[in-house]
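Heads up, the thing below is written out as structure tokens.
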Amino acid sequence: MAPIHSHDDLSDLSPRNLAIYLAGVRGGDGDDDAPAGDAAEGATDAPATEGDAPAEGAPAEGDAPAEASTEGATSPEASIPALPTDLTAESPEDLQALAHSIEEARDALRQTARTQADLDAIREATGRRNAIAAELGRRIEEQRAVQDGLAALAADLENEAPLPEPEMALASVTPARPTSAQIAAARGTQPAAAQQASAAPARTRPRAALVAALSTDRTAVGGEMAMEDLGEALDRTNKSRQRTIVASLQSYEEMAGFDRDAVIGRESAEGNSAAMRQIREDWYAARSAALTGDPTARAAAICEPLDIRRDIPDAFNTSEPVRDMFPSAPATRLGFQYFRSVGLADLNGAVALWDEDDQAAVDPDDSSTWKPCLVVDCPSAESIKAEAVTACLLWDITHEMSNPENLANLMNALRALRSRTKEGRILQRIDALSHRYTFEGEYGAVPTVIEAVNTAIAQATYLNREEETTYDVILPPGLVHLLRIDLASRGFEGINVTDALAYVRDRVDVGNVVASLDPSLGGEPSLPFQTLNPVGQAAVALSPLSDTYRIRVIDPGAALYSETGQVNVGTTTDTALLRQNRTQYFAEEFLFLAKQGPAPWFSIDVNVCGNGARAGWIEPPACDFS
């Protein structure tokens, strides 16, 4: 049989010719070890053309080629070197060597191809070789892009003057002391910053010298040194064990925004030198970013996302010191009818003196000559009705779920505002039920307040010949602090300045002295306080405390106070609110205050000043109430 020639690319053959070719390859003496291309019986020198009769031993057209014996054979793909998992991580040399190995395996398969598996293996080898070629081509394109970018950057920087290299001078106990000429050469020409043209492209050597570690009392560590200061410092440390490191850095104007404090401290010479080098590198990086427009040259030091603090602190005071002074009765029907206590003036004509002359003038037919007697009639009842204090918040359900801390903060603030409104209304009612006065003392705040309160109490019990009543005193916001100022202005020790309320209470015959947290709802002097200066604004003069305050002197036992407590309180979500995805908090409280007892109440507007003046052998300074 004529030998069957091998084909470089078997894929060029038609299915029929390929079957004839493979049949010729397998048509030998049955020896599986015979090399491809040996003579096979019935084969011709060239593959049969379409329409020719099949060669002897070849399968007829349409028949499947006979299966080759696989006993002891291995998969053709096993001889092809495998590709690495990540081609991008391999070096170009490794990729080229791998491609060469695959090419050799592919050529060997082409010489010995017998089955369809051989053809698949050849195609697999070709695909692996092409993958390596594609990766190498991608790298070549990337390198070309980098080169293009560098060429463009070089073109942009051609017109710029070169930056001077910073210099570092090291001095220790070992080297000889540098001369003035050496120092001047190291520092270079340093014109004043104000004389340098900011737009000139030419640059001088940096003019600011920062001292990292230096034993000197003339120049602060980290400060700029003059030439004479530097020479003196080197002289003083020449014989010391402490090393002196002086680094020449960019000027302060150009170093704005950088942390120059990094070179200040008690680090070693090597540590300080490293810090200085880092500062110079940061400056060059930022300078390069400014020239090239690259904002990533200096990365941010604080990375996001930042930590989240969800807790919201608050210090709202919801106490009610004025309300707590009164005995309270339940306001079950939201109102009372009551009879006010009478005074001595209501009994005019009920009591009289009677002597012999009066007795002789009695006329049985004239009642006016008889002993006087007051006819008692039914008293007129007075009434009072409760007033409501309401509070309400409305929010989305999503707000409650996403930010419950903010909602809790708002609820606490709502309670404080409700207490302020309630206390303000009680103070307003006290003013309406009190005798109104003004008072000006001759001394400081403490004796003036004591004098005003005692004066009112003395007159309160005299008019109606009442038993001495235990009064309580209500001081408005700010007055307590003014009393402390007055005590401190006294000018000698031995007085507890902080507990001004106890100081006043011990000198006035009262049951308690209470500092209210709120003003009445309107018209009270000294309030409201001046608006606080906004944070971050320029400083303004701190206004002194006012010199006029309203002091209230009351007998809580004479009050008729009633409240319901909070009713209709709670968080509700009805059908209408649900359709709006909302929740509502609502609270309501009813209260009223009347005066039923005989003890009079006083509301006194007092002018005071905290100058520390007291009665003594010298005339006290006058208070200016203008």
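Chain identifiers are assigned as A, B, and so on, following the order in which chains appear in the structure tokens; residues are numbered from 1 within each chain, and ligands are numbered from 1 in order of appearance.
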Show which residues sit within 6 Å of segment 465-482 of chain A, as a count of residues only. Count only C-alpha atoms, and ignore same-chain residues fewer than 5 positions away. 13
Can you work out the spacing between atom CA of Ser603 of chain A and atom CA of Thr548 of chain A in Å, to one decimal?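 Going from atom CA of Ser603 of chain A over to atom CA of Thr548 of chain A covers 12.8 Å.
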If you measure from atom CA of Ala500 of chain A to atom CA of Glu442 of chain A, what distance in Å do you get, rounded to one decimal?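 The value is 19.4 Å.
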Find, counting only C-alpha atoms, the residue in A:Glu400, A:Glu320, A:Glu451, A:Glu304 that gets nearest to Gln584 of chain A.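 The answer is A:Glu400, which sits nearest to Gln584 of chain A.
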Looking only at the backbone, which of the residues in segment 298-525 of chain A does DSSP tag as strand (DSSP E or B), as a ChimeraX atom specification? /A:328-330,335-338,363,366,382-385,387-396,435-440,471-475,510-515
Hey, can you check how far atom CA of Ser341 of chain A sits from atom CA of Ala386 of chain A?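 Atom CA of Ser341 of chain A sits 21.1 Å away from atom CA of Ala386 of chain A.
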Taking the DSSP secondary structure from the backbone, can you list the residues of segment 348-417 of chain A that are helix (DSSP H, G or I), as an MDAnalysis selection string? chainID A and resid 356:360 367:369 397:402 404:417
Can I get the selected residues back with N, CA, C and O atoms, as a tab-separated table (two decimals), in the first residue's frame?
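Generated output (selection-v3.tsv):
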```tsv
chain	number	residue	atom	x	y	z
A	356	GLU	N	-72.57	104.39	129.76
A	356	GLU	CA	-73.80	104.85	130.41
A	356	GLU	C	-74.56	105.85	129.54
A	356	GLU	O	-75.79	105.88	129.52
A	357	ASP	N	-73.83	106.67	128.84
A	357	ASP	CA	-74.51	107.66	127.98
A	357	ASP	C	-75.27	106.96	126.86
A	357	ASP	O	-76.39	107.37	126.50
A	358	ASP	N	-74.67	105.91	126.30
A	358	ASP	CA	-75.35	105.16	125.25
A	358	ASP	C	-76.60	104.49	125.81
A	358	ASP	O	-77.65	104.44	125.15
A	359	GLN	N	-76.48	104.01	127.04
A	359	GLN	CA	-77.61	103.34	127.65
A	359	GLN	C	-78.76	104.33	127.90
A	359	GLN	O	-79.94	104.03	127.71
A	360	ALA	N	-78.43	105.55	128.31
A	360	ALA	CA	-79.46	106.55	128.59
A	360	ALA	C	-80.15	107.01	127.31
A	360	ALA	O	-81.30	107.49	127.36
A	367	SER	N	-84.44	101.71	116.60
A	367	SER	CA	-83.43	100.65	116.64
A	367	SER	C	-82.02	101.19	116.51
A	367	SER	O	-81.05	100.53	116.90
A	368	SER	N	-81.89	102.40	115.96
A	368	SER	CA	-80.55	102.95	115.81
A	368	SER	C	-79.92	103.31	117.14
A	368	SER	O	-78.71	103.51	117.23
A	369	THR	N	-80.77	103.42	118.23
A	369	THR	CA	-80.23	103.72	119.55
A	369	THR	C	-79.93	102.46	120.33
A	369	THR	O	-79.43	102.54	121.45
A	397	ILE	N	-44.69	56.53	61.17
A	397	ILE	CA	-44.26	55.26	61.75
A	397	ILE	C	-42.82	54.94	61.33
A	397	ILE	O	-42.04	54.39	62.11
A	398	THR	N	-42.47	55.32	60.12
A	398	THR	CA	-41.10	55.08	59.66
A	398	THR	C	-40.09	55.86	60.50
A	398	THR	O	-38.97	55.39	60.72
A	399	HIS	N	-40.47	57.05	60.96
A	399	HIS	CA	-39.59	57.83	61.84
A	399	HIS	C	-39.36	57.10	63.15
A	399	HIS	O	-38.24	57.03	63.66
A	400	GLU	N	-40.41	56.53	63.70
A	400	GLU	CA	-40.30	55.80	64.97
A	400	GLU	C	-39.40	54.58	64.82
A	400	GLU	O	-38.65	54.23	65.74
A	401	MET	N	-39.44	53.94	63.67
A	401	MET	CA	-38.65	52.73	63.47
A	401	MET	C	-37.20	53.04	63.12
A	401	MET	O	-36.28	52.33	63.54
A	402	SER	N	-36.98	54.12	62.36
A	402	SER	CA	-35.62	54.40	61.88
A	402	SER	C	-34.83	55.28	62.84
A	402	SER	O	-33.61	55.21	62.84
A	404	PRO	N	-35.58	56.06	66.66
A	404	PRO	CA	-36.29	56.15	67.94
A	404	PRO	C	-35.59	57.05	68.93
A	404	PRO	O	-36.24	57.60	69.83
A	405	GLU	N	-34.26	57.23	68.82
A	405	GLU	CA	-33.55	58.10	69.75
A	405	GLU	C	-34.02	59.55	69.62
A	405	GLU	O	-34.20	60.25	70.62
A	406	ASN	N	-34.20	60.01	68.38
A	406	ASN	CA	-34.67	61.37	68.17
A	406	ASN	C	-36.08	61.53	68.72
A	406	ASN	O	-36.41	62.57	69.31
A	407	LEU	N	-36.91	60.52	68.57
A	407	LEU	CA	-38.28	60.60	69.07
A	407	LEU	C	-38.29	60.66	70.60
A	407	LEU	O	-39.06	61.41	71.20
A	408	ALA	N	-37.42	59.87	71.27
A	408	ALA	CA	-37.33	59.92	72.73
A	408	ALA	C	-36.86	61.29	73.20
A	408	ALA	O	-37.36	61.82	74.21
A	409	ASN	N	-35.92	61.90	72.49
A	409	ASN	CA	-35.44	63.23	72.82
A	409	ASN	C	-36.57	64.26	72.71
A	409	ASN	O	-36.73	65.13	73.56
A	410	LEU	N	-37.38	64.15	71.66
A	410	LEU	CA	-38.52	65.05	71.48
A	410	LEU	C	-39.56	64.87	72.58
A	410	LEU	O	-40.15	65.85	73.05
A	411	MET	N	-39.78	63.64	73.01
A	411	MET	CA	-40.77	63.39	74.06
A	411	MET	C	-40.33	64.02	75.38
A	411	MET	O	-41.14	64.62	76.11
A	412	ASN	N	-39.03	63.92	75.71
A	412	ASN	CA	-38.54	64.54	76.93
A	412	ASN	C	-38.67	66.06	76.86
A	412	ASN	O	-39.02	66.72	77.84
A	413	ALA	N	-38.36	66.63	75.70
A	413	ALA	CA	-38.52	68.08	75.54
A	413	ALA	C	-39.98	68.49	75.65
A	413	ALA	O	-40.31	69.55	76.20
A	414	LEU	N	-40.90	67.66	75.14
A	414	LEU	CA	-42.33	67.96	75.23
A	414	LEU	C	-42.78	67.99	76.68
A	414	LEU	O	-43.55	68.87	77.09
A	415	ARG	N	-42.29	67.07	77.49
A	415	ARG	CA	-42.66	67.05	78.90
A	415	ARG	C	-42.14	68.29	79.62
A	415	ARG	O	-42.82	68.86	80.48
A	416	ALA	N	-40.91	68.71	79.28
A	416	ALA	CA	-40.37	69.93	79.90
A	416	ALA	C	-41.18	71.16	79.50
A	416	ALA	O	-41.46	72.03	80.33
A	417	LEU	N	-41.58	71.25	78.24
A	417	LEU	CA	-42.37	72.39	77.78
A	417	LEU	C	-43.75	72.38	78.43
A	417	LEU	O	-44.30	73.43	78.78
```
Nearest to Gly522 of chain A among A:Asp120, A:Glu382, A:Asp431, A:Asp148, with distances taken over only C-alpha atoms: which residue is it?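 Nearest candidate to Gly522 of chain A out of A:Asp120, A:Glu382, A:Asp431, A:Asp148: A:Asp431.
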Could you tell me which of A:Asp605, A:Asp118, A:Asp363, A:Glu93 comes closest to Ala452 of chain A if we count only C-alpha atoms?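 Residue with the minimum atom-to-atom distance to Ala452 of chain A: A:Asp605.
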